[in-house]
$ cat target.txt   # compact mmCIF, C-alpha atoms and all ligand atoms
# COMPACT_ATOMS: atom_id res chain seq x y z
CA MET A 258 -26.50 -12.34 16.56
CA VAL A 259 -29.63 -10.25 16.94
CA LYS A 260 -29.41 -6.93 18.76
CA VAL A 261 -32.59 -5.63 20.36
CA GLY A 262 -33.22 -2.12 21.66
CA VAL A 263 -35.81 -1.34 24.31
CA VAL A 264 -37.16 2.21 24.35
CA ALA A 265 -36.15 3.35 27.83
CA LEU A 266 -37.85 6.69 28.38
CA GLN A 267 -40.63 5.67 30.79
CA GLY A 268 -42.48 2.48 31.69
CA ASP A 269 -41.30 -1.05 32.32
CA PHE A 270 -38.34 -1.28 29.97
CA LEU A 271 -36.16 -2.90 32.66
CA GLU A 272 -38.33 -6.03 32.72
CA HIS A 273 -37.89 -6.47 28.95
CA LEU A 274 -34.12 -5.93 29.20
CA GLN A 275 -33.91 -8.46 32.04
CA LEU A 276 -35.94 -11.09 30.15
CA LEU A 277 -33.90 -10.63 26.95
CA LYS A 278 -30.76 -11.06 29.05
CA GLU A 279 -32.17 -14.33 30.43
CA LEU A 280 -32.80 -15.41 26.82
CA ARG A 281 -29.16 -14.53 26.06
CA VAL A 282 -30.17 -11.93 23.50
CA GLU A 283 -28.05 -8.80 23.21
CA ALA A 284 -30.26 -5.94 24.39
CA ILE A 285 -29.69 -2.26 25.08
CA PRO A 286 -31.81 0.57 26.47
CA VAL A 287 -32.71 3.13 23.79
CA LYS A 288 -32.82 6.69 25.10
CA SER A 289 -31.63 8.74 22.13
CA ILE A 290 -31.02 8.63 18.38
CA LYS A 291 -27.47 7.34 18.73
CA ASP A 292 -28.73 4.13 20.37
CA PHE A 293 -30.29 2.98 17.07
CA ASN A 294 -26.87 2.07 15.65
CA GLY A 295 -26.73 -1.60 14.67
CA LEU A 296 -30.18 -2.48 16.02
CA ASP A 297 -32.17 -5.31 14.39
CA ALA A 298 -35.28 -4.99 16.50
CA LEU A 299 -36.94 -2.63 18.93
CA ILE A 300 -39.42 -2.98 21.79
CA ILE A 301 -41.67 -0.09 22.81
CA PRO A 302 -42.70 -1.06 26.35
CA GLY A 303 -45.81 -0.49 28.41
CA GLY A 304 -46.11 2.56 30.59
CA GLU A 305 -47.99 5.77 30.00
CA SER A 306 -48.39 6.35 26.27
CA THR A 307 -48.76 10.14 26.53
CA THR A 308 -45.55 10.41 28.59
CA ILE A 309 -43.54 8.05 26.38
CA GLY A 310 -44.83 9.86 23.28
CA PHE A 311 -43.89 13.24 24.75
CA LEU A 312 -40.37 12.09 25.65
CA MET A 313 -39.93 10.44 22.24
CA ARG A 314 -40.54 13.76 20.58
CA VAL A 315 -38.29 15.68 22.98
CA LYS A 316 -35.45 13.27 22.19
CA GLY A 317 -36.14 12.89 18.47
CA VAL A 318 -36.60 9.17 19.06
CA ASP A 319 -40.01 9.32 17.32
CA LYS A 320 -38.46 10.07 13.92
CA ALA A 321 -35.70 7.53 14.50
CA ILE A 322 -38.32 4.82 15.14
CA VAL A 323 -40.24 5.68 11.96
CA GLU A 324 -37.01 5.54 9.93
CA PHE A 325 -35.99 2.31 11.63
CA VAL A 326 -39.30 0.62 10.79
CA GLU A 327 -39.40 2.00 7.24
CA SER A 328 -35.93 0.60 6.63
CA GLY A 329 -37.13 -2.87 7.69
CA GLY A 330 -36.34 -2.94 11.42
CA VAL A 331 -38.68 -5.14 13.46
CA VAL A 332 -40.69 -3.47 16.20
CA MET A 333 -42.86 -4.85 18.99
CA GLY A 334 -45.14 -2.59 20.99
CA THR A 335 -46.63 -3.77 24.26
CA CYS A 336 -49.59 -2.00 25.85
CA ALA A 337 -48.65 1.73 25.76
CA GLY A 338 -46.20 0.74 22.99
CA THR A 339 -49.14 -0.56 20.95
CA ILE A 340 -51.02 2.70 21.50
CA LEU A 341 -47.97 4.55 20.18
CA LEU A 342 -47.84 2.38 17.02
CA ALA A 343 -51.53 2.85 16.20
CA LYS A 344 -52.93 5.18 13.56
CA SER A 345 -56.13 5.73 15.52
CA VAL A 346 -56.49 6.12 19.31
CA LYS A 347 -59.52 6.71 21.47
CA ASP A 348 -59.99 6.44 25.22
CA ARG A 349 -62.88 4.36 26.58
CA VAL A 350 -64.05 7.21 28.82
CA VAL A 351 -62.90 10.48 27.24
CA GLY A 352 -63.10 9.47 23.56
CA ASP A 353 -60.64 11.28 21.28
CA THR A 354 -57.42 11.93 23.15
CA GLY A 355 -55.70 13.87 20.38
CA GLN A 356 -52.46 12.44 21.68
CA PHE A 357 -49.27 11.97 19.68
CA THR A 358 -48.64 8.54 18.16
CA LEU A 359 -46.14 7.26 15.61
CA LYS A 360 -49.03 6.28 13.27
CA LEU A 361 -47.13 3.31 11.88
CA MET A 362 -49.73 0.55 12.12
CA ASP A 363 -53.12 0.32 10.46
CA ILE A 364 -54.90 -0.43 13.72
CA ALA A 365 -57.40 1.40 15.88
CA VAL A 366 -57.08 1.07 19.65
CA VAL A 367 -59.20 2.03 22.63
CA ARG A 368 -57.14 3.00 25.65
CA ASN A 369 -58.05 1.69 29.09
CA ALA A 370 -60.64 -0.55 27.42
CA PHE A 371 -60.88 -3.03 30.29
CA GLY A 372 -61.29 -0.47 33.06
CA ARG A 373 -59.01 1.14 35.58
CA GLN A 374 -55.74 0.05 37.13
CA ARG A 375 -57.52 -2.10 39.73
CA ASP A 376 -59.34 -3.94 36.91
CA SER A 377 -56.01 -5.28 35.62
CA PHE A 378 -55.84 -9.05 35.18
CA ILE A 379 -53.85 -12.02 33.92
CA ALA A 380 -55.46 -14.13 31.20
CA LYS A 381 -54.74 -16.93 28.79
CA VAL A 382 -54.62 -15.70 25.23
CA MET A 383 -54.37 -17.78 22.07
CA VAL A 384 -52.01 -16.03 19.66
CA GLU A 385 -51.93 -17.23 16.06
CA GLY A 386 -48.47 -18.59 15.26
CA VAL A 387 -47.49 -18.57 18.95
CA GLY A 388 -50.00 -20.71 20.86
CA GLU A 389 -51.70 -20.15 24.19
CA ILE A 390 -49.84 -17.89 26.60
CA ASP A 391 -50.51 -16.32 30.02
CA VAL A 392 -50.22 -12.56 29.85
CA ALA A 393 -51.00 -9.48 31.97
CA PHE A 394 -53.49 -6.81 30.96
CA ILE A 395 -52.59 -3.69 32.96
CA ARG A 396 -54.92 -0.80 32.15
CA ALA A 397 -54.58 -2.23 28.68
CA PRO A 398 -55.87 -0.98 25.35
CA ALA A 399 -58.07 -3.09 23.07
CA ILE A 400 -57.32 -3.42 19.38
CA VAL A 401 -60.73 -2.76 17.88
CA GLU A 402 -59.91 -2.61 14.18
CA ALA A 403 -57.17 -3.61 11.74
CA TRP A 404 -57.13 -2.72 8.04
CA ASN A 405 -54.94 -3.03 4.93
CA ASP A 406 -51.98 -5.29 5.78
CA ALA A 407 -52.63 -5.25 9.53
CA LYS A 408 -54.24 -8.37 10.96
CA ILE A 409 -55.52 -9.22 14.43
CA ILE A 410 -53.83 -12.45 15.60
CA ALA A 411 -55.28 -12.78 19.12
CA TYR A 412 -58.58 -11.98 20.78
CA ILE A 413 -59.72 -11.56 24.36
CA GLU A 414 -63.25 -11.96 25.73
CA HIS A 415 -63.96 -9.57 28.57
CA PRO A 416 -67.19 -8.30 30.16
CA ALA A 417 -66.15 -4.66 29.54
CA THR A 418 -65.48 -5.14 25.84
CA ASN A 419 -66.87 -8.48 24.64
CA ARG A 420 -64.49 -9.96 22.03
CA VAL A 421 -61.72 -7.56 21.01
CA GLY A 422 -58.25 -7.78 19.53
CA ALA A 423 -55.34 -8.41 21.91
CA ALA A 424 -52.52 -8.65 19.34
CA ALA A 425 -51.98 -7.60 15.74
CA ILE A 426 -49.29 -7.94 13.13
CA GLU A 427 -48.44 -5.84 10.08
CA LYS A 428 -45.32 -6.70 8.10
CA ASN A 429 -42.36 -6.01 10.45
CA MET A 430 -44.54 -4.68 13.28
CA LEU A 431 -46.12 -6.57 16.17
CA ALA A 432 -48.60 -4.93 18.53
CA LEU A 433 -49.57 -6.50 21.85
CA ALA A 434 -52.29 -5.03 24.05
CA PHE A 435 -50.84 -6.95 26.99
CA HIS A 436 -47.55 -7.30 28.86
CA PRO A 437 -45.67 -10.53 28.03
CA GLU A 438 -42.70 -9.62 30.25
CA ILE A 439 -44.64 -9.78 33.53
CA THR A 440 -45.60 -13.44 33.05
CA LYS A 441 -42.37 -14.21 31.19
CA SER A 442 -44.19 -15.42 28.08
CA ILE A 443 -41.07 -16.50 26.26
CA ALA A 444 -43.06 -17.80 23.27
CA ILE A 445 -43.95 -14.24 22.25
CA TYR A 446 -40.30 -13.17 22.40
CA ASN A 447 -39.31 -16.13 20.24
CA TYR A 448 -41.99 -15.17 17.72
CA PHE A 449 -40.71 -11.56 17.72
CA LEU A 450 -37.09 -12.70 17.33
CA ASP A 451 -38.18 -15.00 14.47
CA MET A 452 -39.63 -11.94 12.72
CA VAL A 453 -36.09 -10.54 12.65
CA LYS A 454 -34.72 -13.70 11.04
CA ARG A 455 -37.52 -13.69 8.46
N1 LIG B 1 -53.19 2.87 30.07
C1 LIG B 1 -51.88 3.17 29.59
C2 LIG B 1 -51.94 4.19 28.46
O1 LIG B 1 -52.98 4.45 27.97
C3 LIG B 1 -51.19 1.91 29.09
C4 LIG B 1 -50.96 0.98 30.23
C5 LIG B 1 -49.80 0.07 30.05
O2 LIG B 1 -48.94 0.26 29.21
N2 LIG B 1 -49.76 -0.92 30.90
O3 LIG B 1 -50.95 4.75 28.08

$ encode --input "target.txt" --output "structure tokens" --more "lines below"
Ligand code: GLN
Amino acid sequence: MVKVGVVALQGDFLEHLQLLKELRVEAIPVKSIKDFNGLDALIIPGGESTTIGFLMRVKGVDKAIVEFVESGGVVMGTCAGTILLAKSVKDRVVGDTGQFTLKLMDIAVVRNAFGRQRDSFIAKVMVEGVGEIDVAFIRAPAIVEAWNDAKIIAYIEHPATNRVGAAAIEKNMLALAFHPEITKSIAIYNYFLDMVKR
């Protein structure tokens, strides 16, 4: 039986926990280092990446995540979670943000790439290995580059960005620019859970 943790410091972790419960997957909120015990997989949810990153460091959860991933644990970042996984982060308007990230994935992201909160949208995205899914882009980042073992597995066409990456994979790490929990895109969760079995 797979046990999934959802980083529960800020953002929409409750929606992930609820959906995992509906899928009958054992899931727990992760708020501190002790919550990593016995975890097979971890979700870093959407929210505000600077706030989540700050709280991660306060709680020591940042180092626990790096250790978890380096020891083979599967991680999925969504939206702000993807920003936190990325090695390189810029903001569409302010450029370099200098913000803290875990620097685990060889991807470059642009925060708020599709505009402001009111420019949020739901779109169909074709994800390699998953199929076409409806997902929500909420003040989402774009994945603009992937190198070494990281690979972009979904693209989105948008007037603000043209064609940019919407999802990327690197070994045991999956980065989604969008929110799959809002539209209940079960196929993505199954893909993530399959990564654990692999
Ligand atoms: N814009 C947010 C950030 O940069 C991410 C938004 C989200 O997670 N929905 O942190």

$ atom_distance --input "target.txt" --atom1 "CA of Leu271 (chain A)" --atom2 "CA of Thr354 (chain A)"
27.6 Å

$ residues_near_point --input "target.txt" --point "(-41.3, 6.3, 12.0)" --cutoff "12 Å" --atoms "all atoms listed in the file" --output "mmCIF file with C-alpha atoms, in the frame of the given file"
data_model
loop_
_atom_site.group_PDB
_atom_site.id
_atom_site.type_symbol
_atom_site.label_atom_id
_atom_site.label_comp_id
_atom_site.auth_asym_id
_atom_site.auth_seq_id
_atom_site.Cartn_x
_atom_site.Cartn_y
_atom_site.Cartn_z
ATOM 1 C CA MET A 313 -39.930 10.440 22.240
ATOM 2 C CA ARG A 314 -40.540 13.760 20.580
ATOM 3 C CA GLY A 317 -36.140 12.890 18.470
ATOM 4 C CA VAL A 318 -36.600 9.170 19.060
ATOM 5 C CA ASP A 319 -40.010 9.320 17.320
ATOM 6 C CA LYS A 320 -38.460 10.070 13.920
ATOM 7 C CA ALA A 321 -35.700 7.530 14.500
ATOM 8 C CA ILE A 322 -38.320 4.820 15.140
ATOM 9 C CA VAL A 323 -40.240 5.680 11.960
ATOM 10 C CA GLU A 324 -37.010 5.540 9.930
ATOM 11 C CA PHE A 325 -35.990 2.310 11.630
ATOM 12 C CA VAL A 326 -39.300 0.620 10.790
ATOM 13 C CA GLU A 327 -39.400 2.000 7.240
ATOM 14 C CA SER A 328 -35.930 0.600 6.630
ATOM 15 C CA GLY A 329 -37.130 -2.870 7.690
ATOM 16 C CA GLY A 330 -36.340 -2.940 11.420
ATOM 17 C CA VAL A 331 -38.680 -5.140 13.460
ATOM 18 C CA VAL A 332 -40.690 -3.470 16.200
ATOM 19 C CA LEU A 341 -47.970 4.550 20.180
ATOM 20 C CA LEU A 342 -47.840 2.380 17.020
ATOM 21 C CA ALA A 343 -51.530 2.850 16.200
ATOM 22 C CA LYS A 344 -52.930 5.180 13.560
ATOM 23 C CA THR A 358 -48.640 8.540 18.160
ATOM 24 C CA LEU A 359 -46.140 7.260 15.610
ATOM 25 C CA LYS A 360 -49.030 6.280 13.270
ATOM 26 C CA LEU A 361 -47.130 3.310 11.880
ATOM 27 C CA MET A 362 -49.730 0.550 12.120
ATOM 28 C CA MET A 430 -44.540 -4.680 13.280
#

$ closest_residue --input "target.txt" --among "A:Gly304, A:Gly352, A:Gly372, A:Gly334" --to "Ile426 (chain A)" --atoms "all atoms listed in the file"
A:Gly334

$ residues_near_ligand --input "target.txt" --ligand "ligand LIG 1 (chain B)" --cutoff "6 Å" --atoms "all atoms listed in the file" --output "ChimeraX atom specification"
/A:303-306,336-337,368-369,395-397

$ atom_distance --input "target.txt" --atom1 "CA of Val287 (chain A)" --atom2 "CA of Val384 (chain A)"
27.5 Å

$ residues_around --input "target.txt" --residues "Ile410 (chain A)" --least-positions-apart "5" --cutoff "10 Å" --atoms "all atoms listed in the file" --output "MDAnalysis selection string"
chainID A and resid 383:387 422:426 431:433

$ atom_distance --input "target.txt" --atom1 "CA of Ile301 (chain A)" --atom2 "CA of Ile409 (chain A)"
18.6 Å

$ closest_residue --input "target.txt" --among "A:Gln267, A:Asn294, A:Met333, A:Ala370" --to "Val350 (chain A)" --atoms "all atoms listed in the file"
A:Ala370

$ closest_residue --input "target.txt" --among "A:Asp353, A:Glu438, A:Asp292, A:Glu402" --to "Ala365 (chain A)" --atoms "only C-alpha atoms"
A:Glu402

$ decode --input "target.txt" --residues "region 263-384 of chain A" --atoms "C-alpha atoms" --output "mmCIF file, in the first residue's frame"
data_model
loop_
_atom_site.group_PDB
_atom_site.id
_atom_site.type_symbol
_atom_site.label_atom_id
_atom_site.label_comp_id
_atom_site.auth_asym_id
_atom_site.auth_seq_id
_atom_site.Cartn_x
_atom_site.Cartn_y
_atom_site.Cartn_z
ATOM 1 C CA VAL A 263 1.124 16.290 1.057
ATOM 2 C CA VAL A 264 3.206 19.264 2.190
ATOM 3 C CA ALA A 265 0.706 21.147 4.344
ATOM 4 C CA LEU A 266 2.327 24.473 5.173
ATOM 5 C CA GLN A 267 0.338 26.798 2.890
ATOM 6 C CA GLY A 268 -1.702 26.479 -0.289
ATOM 7 C CA ASP A 269 -4.295 23.972 -1.404
ATOM 8 C CA PHE A 270 -3.046 20.812 0.274
ATOM 9 C CA LEU A 271 -6.557 19.917 1.497
ATOM 10 C CA GLU A 272 -7.810 19.382 -2.059
ATOM 11 C CA HIS A 273 -4.996 16.887 -2.736
ATOM 12 C CA LEU A 274 -5.662 15.056 0.535
ATOM 13 C CA GLN A 275 -9.373 14.890 -0.273
ATOM 14 C CA LEU A 276 -8.777 13.560 -3.800
ATOM 15 C CA LEU A 277 -6.284 10.935 -2.588
ATOM 16 C CA LYS A 278 -8.870 9.856 -0.023
ATOM 17 C CA GLU A 279 -11.440 9.470 -2.817
ATOM 18 C CA LEU A 280 -8.882 7.323 -4.673
ATOM 19 C CA ARG A 281 -8.513 5.249 -1.486
ATOM 20 C CA VAL A 282 -4.832 6.088 -1.199
ATOM 21 C CA GLU A 283 -3.379 6.532 2.284
ATOM 22 C CA ALA A 284 -2.428 10.203 2.549
ATOM 23 C CA ILE A 285 -1.204 12.422 5.361
ATOM 24 C CA PRO A 286 -0.469 16.132 5.727
ATOM 25 C CA VAL A 287 3.267 16.819 6.061
ATOM 26 C CA LYS A 288 4.054 19.704 8.393
ATOM 27 C CA SER A 289 7.359 18.665 9.962
ATOM 28 C CA ILE A 290 10.295 16.275 9.623
ATOM 29 C CA LYS A 291 8.636 13.523 11.641
ATOM 30 C CA ASP A 292 5.849 13.224 9.050
ATOM 31 C CA PHE A 293 8.300 11.758 6.496
ATOM 32 C CA ASN A 294 8.326 8.398 8.289
ATOM 33 C CA GLY A 295 7.203 5.607 5.975
ATOM 34 C CA LEU A 296 6.310 7.872 3.052
ATOM 35 C CA ASP A 297 6.579 6.537 -0.517
ATOM 36 C CA ALA A 298 5.603 9.717 -2.297
ATOM 37 C CA LEU A 299 5.143 13.401 -1.657
ATOM 38 C CA ILE A 300 3.076 16.192 -3.212
ATOM 39 C CA ILE A 301 4.177 19.821 -2.987
ATOM 40 C CA PRO A 302 0.936 21.712 -3.669
ATOM 41 C CA GLY A 303 0.129 25.012 -5.300
ATOM 42 C CA GLY A 304 -0.035 28.164 -3.253
ATOM 43 C CA GLU A 305 2.506 30.919 -2.863
ATOM 44 C CA SER A 306 5.980 29.574 -3.561
ATOM 45 C CA THR A 307 7.807 32.202 -1.489
ATOM 46 C CA THR A 308 5.605 31.489 1.550
ATOM 47 C CA ILE A 309 5.812 27.701 1.223
ATOM 48 C CA GLY A 310 9.593 27.957 0.719
ATOM 49 C CA PHE A 311 9.946 30.179 3.787
ATOM 50 C CA LEU A 312 7.897 27.816 5.974
ATOM 51 C CA MET A 313 9.788 24.785 4.640
ATOM 52 C CA ARG A 314 13.019 26.285 5.858
ATOM 53 C CA VAL A 315 11.584 27.318 9.222
ATOM 54 C CA LYS A 316 10.423 23.736 9.795
ATOM 55 C CA GLY A 317 13.453 21.987 8.296
ATOM 56 C CA VAL A 318 11.116 20.347 5.793
ATOM 57 C CA ASP A 319 13.309 21.594 2.918
ATOM 58 C CA LYS A 320 16.222 19.340 3.887
ATOM 59 C CA ALA A 321 13.868 16.448 4.588
ATOM 60 C CA ILE A 322 12.443 16.739 1.054
ATOM 61 C CA VAL A 323 15.910 16.769 -0.532
ATOM 62 C CA GLU A 324 16.891 13.666 1.468
ATOM 63 C CA PHE A 325 13.590 11.995 0.626
ATOM 64 C CA VAL A 326 14.065 12.553 -3.114
ATOM 65 C CA GLU A 327 17.753 11.596 -3.056
ATOM 66 C CA SER A 328 16.845 8.325 -1.360
ATOM 67 C CA GLY A 329 14.394 7.523 -4.182
ATOM 68 C CA GLY A 330 11.102 8.949 -2.871
ATOM 69 C CA VAL A 331 8.727 10.107 -5.603
ATOM 70 C CA VAL A 332 7.716 13.761 -5.595
ATOM 71 C CA MET A 333 5.101 15.704 -7.550
ATOM 72 C CA GLY A 334 5.066 19.484 -7.537
ATOM 73 C CA THR A 335 2.034 21.384 -8.746
ATOM 74 C CA CYS A 336 2.211 25.069 -9.635
ATOM 75 C CA ALA A 337 4.050 26.685 -6.669
ATOM 76 C CA GLY A 338 5.352 23.166 -5.937
ATOM 77 C CA THR A 339 6.945 23.114 -9.382
ATOM 78 C CA ILE A 340 8.560 26.496 -8.739
ATOM 79 C CA LEU A 341 10.022 25.067 -5.534
ATOM 80 C CA LEU A 342 11.487 22.044 -7.375
ATOM 81 C CA ALA A 343 13.136 24.136 -10.095
ATOM 82 C CA LYS A 344 16.818 25.010 -10.280
ATOM 83 C CA SER A 345 16.110 28.307 -12.026
ATOM 84 C CA VAL A 346 13.239 30.728 -11.311
ATOM 85 C CA LYS A 347 12.345 34.052 -12.855
ATOM 86 C CA ASP A 348 9.189 36.129 -12.636
ATOM 87 C CA ARG A 349 7.548 37.340 -15.850
ATOM 88 C CA VAL A 350 7.395 40.926 -14.579
ATOM 89 C CA VAL A 351 10.186 41.369 -12.019
ATOM 90 C CA GLY A 352 12.757 38.972 -13.520
ATOM 91 C CA ASP A 353 15.110 37.375 -10.983
ATOM 92 C CA THR A 354 13.255 36.783 -7.732
ATOM 93 C CA GLY A 355 16.229 35.458 -5.788
ATOM 94 C CA GLN A 356 13.764 33.303 -3.900
ATOM 95 C CA PHE A 357 14.557 30.052 -2.128
ATOM 96 C CA THR A 358 13.905 26.815 -4.033
ATOM 97 C CA LEU A 359 14.863 23.203 -3.389
ATOM 98 C CA LYS A 360 16.867 23.155 -6.668
ATOM 99 C CA LEU A 361 16.100 19.497 -7.285
ATOM 100 C CA MET A 362 14.979 19.541 -10.923
ATOM 101 C CA ASP A 363 16.905 20.604 -13.991
ATOM 102 C CA ILE A 364 14.163 22.927 -15.168
ATOM 103 C CA ALA A 365 13.806 26.674 -15.559
ATOM 104 C CA VAL A 366 10.443 28.235 -14.764
ATOM 105 C CA VAL A 367 8.887 31.656 -15.224
ATOM 106 C CA ARG A 368 6.474 32.560 -12.448
ATOM 107 C CA ASN A 369 3.116 34.108 -13.261
ATOM 108 C CA ALA A 370 3.849 33.467 -16.944
ATOM 109 C CA PHE A 371 0.220 33.620 -18.067
ATOM 110 C CA GLY A 372 -0.663 36.851 -16.282
ATOM 111 C CA ARG A 373 -2.366 37.744 -13.048
ATOM 112 C CA GLN A 374 -4.877 35.904 -10.886
ATOM 113 C CA ARG A 375 -7.798 37.055 -13.048
ATOM 114 C CA ASP A 376 -6.062 35.586 -16.124
ATOM 115 C CA SER A 377 -6.346 32.088 -14.632
ATOM 116 C CA PHE A 378 -7.975 29.495 -16.882
ATOM 117 C CA ILE A 379 -8.867 25.847 -17.403
ATOM 118 C CA ALA A 380 -7.381 24.149 -20.462
ATOM 119 C CA LYS A 381 -6.988 20.774 -22.081
ATOM 120 C CA VAL A 382 -3.406 19.583 -21.949
ATOM 121 C CA MET A 383 -1.918 16.544 -23.653
ATOM 122 C CA VAL A 384 0.526 14.904 -21.248
#
